[in-house]
Structure formats: structure tokens, C-alpha cells
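S.K.: Submitted below is the structure of interest, expressed as C-alpha cells.
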Amino acid sequence: MSKSSVRFVCQNCGADYPKWMGRCASCGEWNTLTEERISRVSPKQNGWTVSPARKPVPITDVASAAEERFSTGIAELDRVLGGGIVPGSLGLLGGEPGVGKSTLLMQAAANTAAVCGPVLYVSGEESLGQLKLRAQRLDLLTERLIVLSESDVETIGEHLASLKPKLAIIDSIQTMYMPDLGSAPGSVGQVREAAAYFLRLAKSLGVSIVLVGHVTKGGALAGPKVLEHAVDYVLYFEGGHDHSVRIVRAVKNRFGSTNEVGVFAMTGRGLAQVDNPSGLFLAERPVNSSGSVVVPCLEGTRPLLVEIQALVAPTPFSGTPRRQATGVDYQRFSIILAVLEKRQGYHLQTQDVFVNVAGGFRLTEPGVDLGIACAIASSHRNQIIPSDFAVIGEVGLSGEIRAVNHIDLRLRELSKLGFTRAVIPAGSEQVDSDLKVIRVKTVSEALQSVFSESARGG
Ligand code: TYD
Ligand code: MG
């Protein structure tokens, strides 16, 4: 049914070549090409595509696709997806082993099955017995959840074509193989061809398919980047063994925004949605300790209060000072250190500086800059920032504070959680708030207000 040929595939980027080369011409890495069989299936050969020849048409004549989605029954997941799963879409859920991918998708599968009819859960990693144990533990036993322990892609395709479920879960793409190719499951060629096969199945059968993808230690998806290009949306499941908080984040979404996050907690009975993540992130906040400040950041449309912690301590011996930033962007952290040294006259050259976001959360917006600066300043000066204080603002190279969006949402979340004072950029829009709002133009003004207020016993 399909023609296959031997190609040399780069295990780093997935590019393939007719002959071996020492260096991949696409990504520039050395010694990454390995020999693999690749099948080139033309759409007409795969047996499912029967679409008529397509003609170019004016965009105004195109019938609007109805915005049709179905819910996974998990509101936090629906939000990240942009309001639910689009029929016929192919998605990818990536994450480190043990983070809870199978658990989350089994919960989503059972919920969808209850509302929309049969859902197929295919596992190439676990036996049917193991799947049943998990479903029992999660209390999700339903006849409409059809399970299959299989890793041959074409066999799965046949089952999908005859069952025509609304949703199918493939756990995981790295265990799937196309017998034609001859290379081992998980190799670049296998992952790419299997994903392309599932894409054709999703589009031609109208089945929504979610692929599970394992992530390597470095955080990259094991397998080629092309996997991310092939799918309609890519979600990452973050968190880990040491944190009970798990976060689902969209990094690509053809049907919605990529800013949304969903927050979960792993419990003895599966993943529970966290309705008040700010409260959870702040639960273990130390009181009256220097080097800690709360930032009202915005993930998508949802404000989240997170604690930024810093520790500034003398560098032992005459070594190079250490710089470590966890949960914030390292480049921005470096800029903020330089601003504090140059504009505030802090001597940090002889100090180790560590910054951490409590709860294992990863902050991506520049609005958290001022929080990083205040936390470092607080630890360096050994002065406490009062616990009812929050700060927000982007820091520029000359120490100016730039405005952030949606200041109203951020202030509302702060007052909901009992904060009474906030330092915000001077250029922010006017808002009504029951908080005491202090508008600042520079880092130095911001530091003055957080520390003078603290001196007055806040
Ligand atoms: P799992 O979903 O298998 O992770 P992944 O598919 O991403 O590898 O489960 C991850 C961990 O969660 C596992 O170590 C056991 C734990 N767990 C719970 O704590 N509670 C539960 O109800 C379930 C099903 C799993
Ligand atoms: Mg799993």
C-alpha cells in the first residue's frame, strides 16, 4: 500500500537526505544522521481520503466552519484548549514521565465518553489490566471507554475506521510503529510517519486524536520538532514529582490562544482542578522573611498571584559569583541584576544571587521584572517587604518601569486574596480599587516605597 525507501534521518531535527552526511544541512549538528526506512504514502493510497480535487476559491465564498467543540468535562483543560476539543483535530500532550499525562487523558476520555459516546484509549505502554486498575482507582469505569493495548499504527487505524469514536487517545506516540519502516519505535522516522498517519486519520474520519508525547530531561519532546508542526495544538504538562501542583500550558494552538494555563493538583484519586491557584501558590509563603514578594501575574486571561523568592549571599572564597534563576527567564534576570548594580549602586559582584518562583511555577511575562528586582533588593538589604504588599511592572534598561496590561484584573485578584497595597507602573490605566495603589516611574521609586512602608511597620 505504501512505498518505502531508505533515507538518512537527522535524529535532532528530523530532516532526511538520500545519502549519509557528517553534518545535517538543516540544523548543523554533527553525526546525527542514521539510516531509516521511510514510507511515502500518497493521500490517494491510504484508503481513507476521498476528497474531490480542490479548486482555488475567493475567501468570501468559503462557508464558515461552525465553531464546534466538545468539552472534555475538565474545565481547566477546556480553557487551555480554547473552549474544548475541535472535532477532527490532532493534538499533542507532552510532559515528563510520571507527571500525570495518562491520568489526565483517561479522565478526559471517560468524561467525553459519558456525553459523546465511545472513546478509544490506545496504550502502547500499559497492559489492559493496568489501564483497568487506573480507571478503577479514578472511579471511571464505563462501557463507553474502549481500551486497546496496541502499538501497530495501521492496526489502530483499522479499529478507528470501524469504531469511529468521537475521541481517541494514543498513549504514547513514541511507542507507536509502522511495520513498513523497520526502524525501532521512538526513532525520528517512526514518530514522524506515525504522527502523519494519525493526522490523515483525524482529518479523514473526523476523529479527534490526542497523542501523548514524552519529554526528555532537557525539556524537549523526544522525537523530532516536526511532530509539533504536524499537530493542531501542543500542550505541555509541567510540574513534577516534587510538586503536587501540575500545570497544563498551550505552546501552540490553531484554535485558540496559547496564553492559557490550567492548574491541577495530583490527589489519591487522580487530578483535581484547582479553583483558587493563587491561594495554593501562596499557602506556604514564609512570614516576615526578607527576599520574598508577591507578584500578580497574568497567564492568559487569568490572574495568578505567585511568590518570587531571592537569596543574596556572599560568594564563598574568591570564586565567580553564582547566578541561578528558576522559574523566571535567565536573560531578564541578568538585566535586572545589571540595572540594580548600575542604577541602585548595589555591589552584587561579590554575591551569589538565587531567584526562585515558589511552587515550581514558570513565569513568562515581563511584568514580573519588578518582583524579581524587589525580591533581590529585599534579600540584599535584609529588609522585609510587608506581606500585604504586591508589586508589578516591567523593568527597562535605564531602570524605568513600564506599564503592564490588565492592571484591573491583577488588582482585583490581589484584593480578593487580602492584599492591601500594590506598587504598579505610573503609566498604567486608571482603575478603581480598594487597594492602596502606589504608582512608580523607576525601580528606585519602587524600592523606596516598598521599604519605607515596611519601615512604618506595615
Ligand atoms: P501517570 O498518569 O501514569 O503519568 P504519565 O502518564 O505522565 O507518565 O501518573 C503519574 C503519577 O501519578 C504516578 O506516579 C502515580 C500518580 N497517581 C496518583 O498520585 N493518583 C492517581 O489517582 C493516579 C492515577 C496516579
Ligand atoms: Mg503514561
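Residue numbering restarts at 1 in every chain; chains get A, B, ... in the order shown in the C-alpha cells, and ligands count up from 1 in that same order.
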Using DSSP on the backbone coordinates, identify all residues within region 60-210 of chain A classified as strand (DSSP E); present the result as a PDB file with C-alpha atoms, in the first residue's frame.

M.R.:
ATOM      1  CA  LEU A  90      -4.848  16.216  16.153  1.00  0.00           C
ATOM      2  CA  GLY A  91      -3.209  17.345  19.394  1.00  0.00           C
ATOM      3  CA  LEU A  92      -0.157  16.545  21.415  1.00  0.00           C
ATOM      4  CA  LEU A  93       0.171  16.418  25.195  1.00  0.00           C
ATOM      5  CA  GLY A  94       3.835  16.446  26.173  1.00  0.00           C
ATOM      6  CA  GLY A  95       5.343  16.015  29.609  1.00  0.00           C
ATOM      7  CA  VAL A 119     -13.940   6.956  23.165  1.00  0.00           C
ATOM      8  CA  LEU A 120     -10.930   4.817  22.258  1.00  0.00           C
ATOM      9  CA  TYR A 121      -7.939   4.796  24.575  1.00  0.00           C
ATOM     10  CA  VAL A 122      -4.947   3.118  22.944  1.00  0.00           C
ATOM     11  CA  SER A 123      -1.956   2.313  25.096  1.00  0.00           C
ATOM     12  CA  LEU A 145     -14.497   3.797  27.356  1.00  0.00           C
ATOM     13  CA  ILE A 146     -12.984   1.343  24.902  1.00  0.00           C
ATOM     14  CA  VAL A 147      -9.400   0.330  25.607  1.00  0.00           C
ATOM     15  CA  LEU A 148      -6.845  -1.177  23.278  1.00  0.00           C
ATOM     16  CA  SER A 149      -3.309  -2.285  24.008  1.00  0.00           C
ATOM     17  CA  LEU A 167     -12.125  10.962  20.537  1.00  0.00           C
ATOM     18  CA  ALA A 168      -9.084   8.712  20.545  1.00  0.00           C
ATOM     19  CA  ILE A 169      -6.070   8.864  22.839  1.00  0.00           C
ATOM     20  CA  ILE A 170      -2.737   7.464  21.644  1.00  0.00           C
ATOM     21  CA  ASP A 171      -0.505   6.830  24.656  1.00  0.00           C
ATOM     22  CA  SER A 208     -10.223  13.964  17.386  1.00  0.00           C
ATOM     23  CA  ILE A 209      -6.932  12.376  18.314  1.00  0.00           C
ATOM     24  CA  VAL A 210      -4.698  13.306  21.220  1.00  0.00           C
TER      25      VAL A 210
END

S.K.: Counting only C-alpha atoms, what is within 9 Å of Ala313 (chain A), bar same-chain residues fewer than 2 positions away, as an MDAnalysis selection string?

M.R.: chainID A and resid 311 315:316 350:354 379:380

S.K.: Need to verify the contact set: Ala75 (chain A), 8 Å, only C-alpha atoms, exclusion of same-chain residues closer than 4 positions in sequence. Can you return it as a PyMOL selection string?

M.R.: chain A and resi 71+79+273

S.K.: For Val115 (chain A), work out the shell of residues within 12 Å, counting only C-alpha atoms and skipping chain neighbours fewer than 2 positions away, then give it as a list in words.

M.R.: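 Contacts, in chain order: Phe70, Ser71, Thr72, Gly73, Ala108, Ala109, Ala110, Asn111, Thr112, Ala113, Gly117, Pro118, Val119, Thr142, Arg144, Leu145, Lys166 and Leu167 of chain A.
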
S.K.: Next, write the just-selected residues to a file, as an mmCIF file, in the first residue's frame, keeping C-alpha atoms as the atom set.

M.R.:
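Below is the file part.cif, written as the result:
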data_model
loop_
_atom_site.group_PDB
_atom_site.id
_atom_site.type_symbol
_atom_site.label_atom_id
_atom_site.label_comp_id
_atom_site.auth_asym_id
_atom_site.auth_seq_id
_atom_site.Cartn_x
_atom_site.Cartn_y
_atom_site.Cartn_z
ATOM 1 C CA PHE A 70 -16.842 19.324 22.627
ATOM 2 C CA SER A 71 -15.946 19.564 26.276
ATOM 3 C CA THR A 72 -13.514 17.212 27.969
ATOM 4 C CA GLY A 73 -15.562 17.631 31.139
ATOM 5 C CA ALA A 108 -10.901 13.410 29.833
ATOM 6 C CA ALA A 109 -11.672 10.269 27.819
ATOM 7 C CA ALA A 110 -14.172 8.919 30.345
ATOM 8 C CA ASN A 111 -15.902 12.295 30.677
ATOM 9 C CA THR A 112 -16.186 12.670 26.916
ATOM 10 C CA ALA A 113 -17.446 9.107 26.602
ATOM 11 C CA GLY A 117 -20.414 8.170 23.028
ATOM 12 C CA PRO A 118 -17.496 5.752 22.666
ATOM 13 C CA VAL A 119 -13.940 6.956 23.165
ATOM 14 C CA THR A 142 -17.842 2.977 31.916
ATOM 15 C CA ARG A 144 -18.193 3.547 26.574
ATOM 16 C CA LEU A 145 -14.497 3.797 27.356
ATOM 17 C CA LYS A 166 -15.512 10.928 18.828
ATOM 18 C CA LEU A 167 -12.125 10.962 20.537
#

S.K.: Can you tell me how far CA of Val294 (chain A) sits from CA of Ala377 (chain A), in Å to one decimal?

M.R.: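 These two atoms are separated by 13.8 Å.
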
S.K.: Write as a list in words the residues around ligand 2, taking 8 Å as the cut-off and counting only C-alpha atoms and all ligand atoms.

M.R.: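 The residues within 8 Å of ligand 2, counting only C-alpha atoms and all ligand atoms, are Pro97, Gly98, Gly100, Lys101, Ser102, Thr103, Glu125, Glu126, Asp171, Ser172 and Val212 of chain A.
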
S.K.: Please return, as a ChimeraX atom specification, all residues of region 282-453 of chain A that DSSP assigns to helix (DSSP H, G or I) on the basis of the backbone.

M.R.: /A:282,330-344,358-360,366-381,407-416,443-453

S.K.: Restricting the output to C-alpha atoms, write the selected residues as a PDB file, in the first residue's frame.

M.R.:
ATOM      1  CA  LEU A 282       0.805  31.417  48.445  1.00  0.00           C
ATOM      2  CA  TYR A 330      17.537  33.996  32.783  1.00  0.00           C
ATOM      3  CA  GLN A 331      18.123  36.863  30.337  1.00  0.00           C
ATOM      4  CA  ARG A 332      15.697  39.128  32.157  1.00  0.00           C
ATOM      5  CA  PHE A 333      17.185  38.114  35.491  1.00  0.00           C
ATOM      6  CA  SER A 334      20.644  39.165  34.222  1.00  0.00           C
ATOM      7  CA  ILE A 335      19.321  42.516  33.002  1.00  0.00           C
ATOM      8  CA  ILE A 336      17.646  43.191  36.348  1.00  0.00           C
ATOM      9  CA  LEU A 337      20.896  42.413  38.193  1.00  0.00           C
ATOM     10  CA  ALA A 338      22.746  44.852  35.928  1.00  0.00           C
ATOM     11  CA  VAL A 339      20.089  47.534  36.499  1.00  0.00           C
ATOM     12  CA  LEU A 340      20.337  47.080  40.283  1.00  0.00           C
ATOM     13  CA  GLU A 341      24.130  47.389  40.148  1.00  0.00           C
ATOM     14  CA  LYS A 342      24.266  50.345  37.796  1.00  0.00           C
ATOM     15  CA  ARG A 343      21.210  52.372  38.869  1.00  0.00           C
ATOM     16  CA  GLN A 344      20.946  51.436  42.523  1.00  0.00           C
ATOM     17  CA  ALA A 358       7.619  29.258  44.770  1.00  0.00           C
ATOM     18  CA  GLY A 359       5.520  26.218  43.880  1.00  0.00           C
ATOM     19  CA  GLY A 360       7.530  25.343  40.768  1.00  0.00           C
ATOM     20  CA  PRO A 366       7.979  40.667  31.538  1.00  0.00           C
ATOM     21  CA  GLY A 367       5.611  42.211  34.104  1.00  0.00           C
ATOM     22  CA  VAL A 368       7.259  40.084  36.796  1.00  0.00           C
ATOM     23  CA  ASP A 369      10.552  42.028  36.422  1.00  0.00           C
ATOM     24  CA  LEU A 370       9.820  44.399  39.267  1.00  0.00           C
ATOM     25  CA  GLY A 371       9.034  41.457  41.522  1.00  0.00           C
ATOM     26  CA  ILE A 372      12.445  39.926  40.756  1.00  0.00           C
ATOM     27  CA  ALA A 373      14.137  43.278  41.426  1.00  0.00           C
ATOM     28  CA  CYS A 374      12.290  43.799  44.736  1.00  0.00           C
ATOM     29  CA  ALA A 375      12.986  40.254  45.944  1.00  0.00           C
ATOM     30  CA  ILE A 376      16.712  40.607  45.201  1.00  0.00           C
ATOM     31  CA  ALA A 377      16.805  44.058  46.843  1.00  0.00           C
ATOM     32  CA  SER A 378      14.952  42.751  49.886  1.00  0.00           C
ATOM     33  CA  SER A 379      17.423  39.921  50.409  1.00  0.00           C
ATOM     34  CA  HIS A 380      20.441  42.123  49.680  1.00  0.00           C
ATOM     35  CA  ARG A 381      19.332  44.812  52.162  1.00  0.00           C
ATOM     36  CA  ILE A 407      -3.985  46.073  35.754  1.00  0.00           C
ATOM     37  CA  ASP A 408      -7.649  45.901  36.840  1.00  0.00           C
ATOM     38  CA  LEU A 409      -7.735  42.081  36.771  1.00  0.00           C
ATOM     39  CA  ARG A 410      -4.498  41.925  38.725  1.00  0.00           C
ATOM     40  CA  LEU A 411      -5.641  44.354  41.418  1.00  0.00           C
ATOM     41  CA  ARG A 412      -8.955  42.538  41.765  1.00  0.00           C
ATOM     42  CA  GLU A 413      -7.172  39.230  42.383  1.00  0.00           C
ATOM     43  CA  LEU A 414      -4.969  40.929  44.982  1.00  0.00           C
ATOM     44  CA  SER A 415      -7.868  42.357  46.920  1.00  0.00           C
ATOM     45  CA  LYS A 416      -9.669  39.006  46.716  1.00  0.00           C
ATOM     46  CA  VAL A 443      12.958  50.916  40.126  1.00  0.00           C
ATOM     47  CA  SER A 444      14.390  53.258  42.690  1.00  0.00           C
ATOM     48  CA  GLU A 445      10.959  54.795  43.443  1.00  0.00           C
ATOM     49  CA  ALA A 446       9.530  51.289  43.722  1.00  0.00           C
ATOM     50  CA  LEU A 447      12.205  50.200  46.194  1.00  0.00           C
ATOM     51  CA  GLN A 448      11.721  53.382  48.207  1.00  0.00           C
ATOM     52  CA  SER A 449       8.032  52.733  48.598  1.00  0.00           C
ATOM     53  CA  VAL A 450       8.219  49.051  49.485  1.00  0.00           C
ATOM     54  CA  PHE A 451      10.928  49.614  52.052  1.00  0.00           C
ATOM     55  CA  SER A 452       9.707  52.907  53.533  1.00  0.00           C
ATOM     56  CA  GLU A 453       6.270  51.370  54.006  1.00  0.00           C
TER      57      GLU A 453
END

S.K.: Looking at only C-alpha atoms and all ligand atoms, which of A:Thr301, A:Ser244, A:Thr420, A:Asn356 is the one that sits closest to ligand 1?

M.R.: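 Of A:Thr301, A:Ser244, A:Thr420, A:Asn356, the one nearest ligand 1, counting only C-alpha atoms and all ligand atoms, is A:Ser244.
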
S.K.: Which distance in Å separates CA of Tyr233 (chain A) and atom 3 (O, counted along the ligand's line) of ligand 1, to one decimal?

M.R.: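 It comes out at 21.6 Å.
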
S.K.: Which of these, A:Gly291, A:Gly427, A:Gly239, A:Gly300, has the shortest distance to ligand 1 once you count only C-alpha atoms and all ligand atoms?

M.R.: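 For ligand 1, the nearest of the candidates is A:Gly239.
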
S.K.: Work out how far apart CA of Ser257 (chain A) and CA of Leu211 (chain A) are and give it in Å to one decimal.

M.R.: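 CA of Leu211 (chain A) lies 19.8 Å from CA of Ser257 (chain A).
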
S.K.: Using only C-alpha atoms, find the one residue out of A:Ala403, A:Leu181, A:Val274, A:Met21 that sits nearest to Val423 (chain A).

M.R.: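 Result for the nearest residue to Val423 (chain A): A:Ala403.
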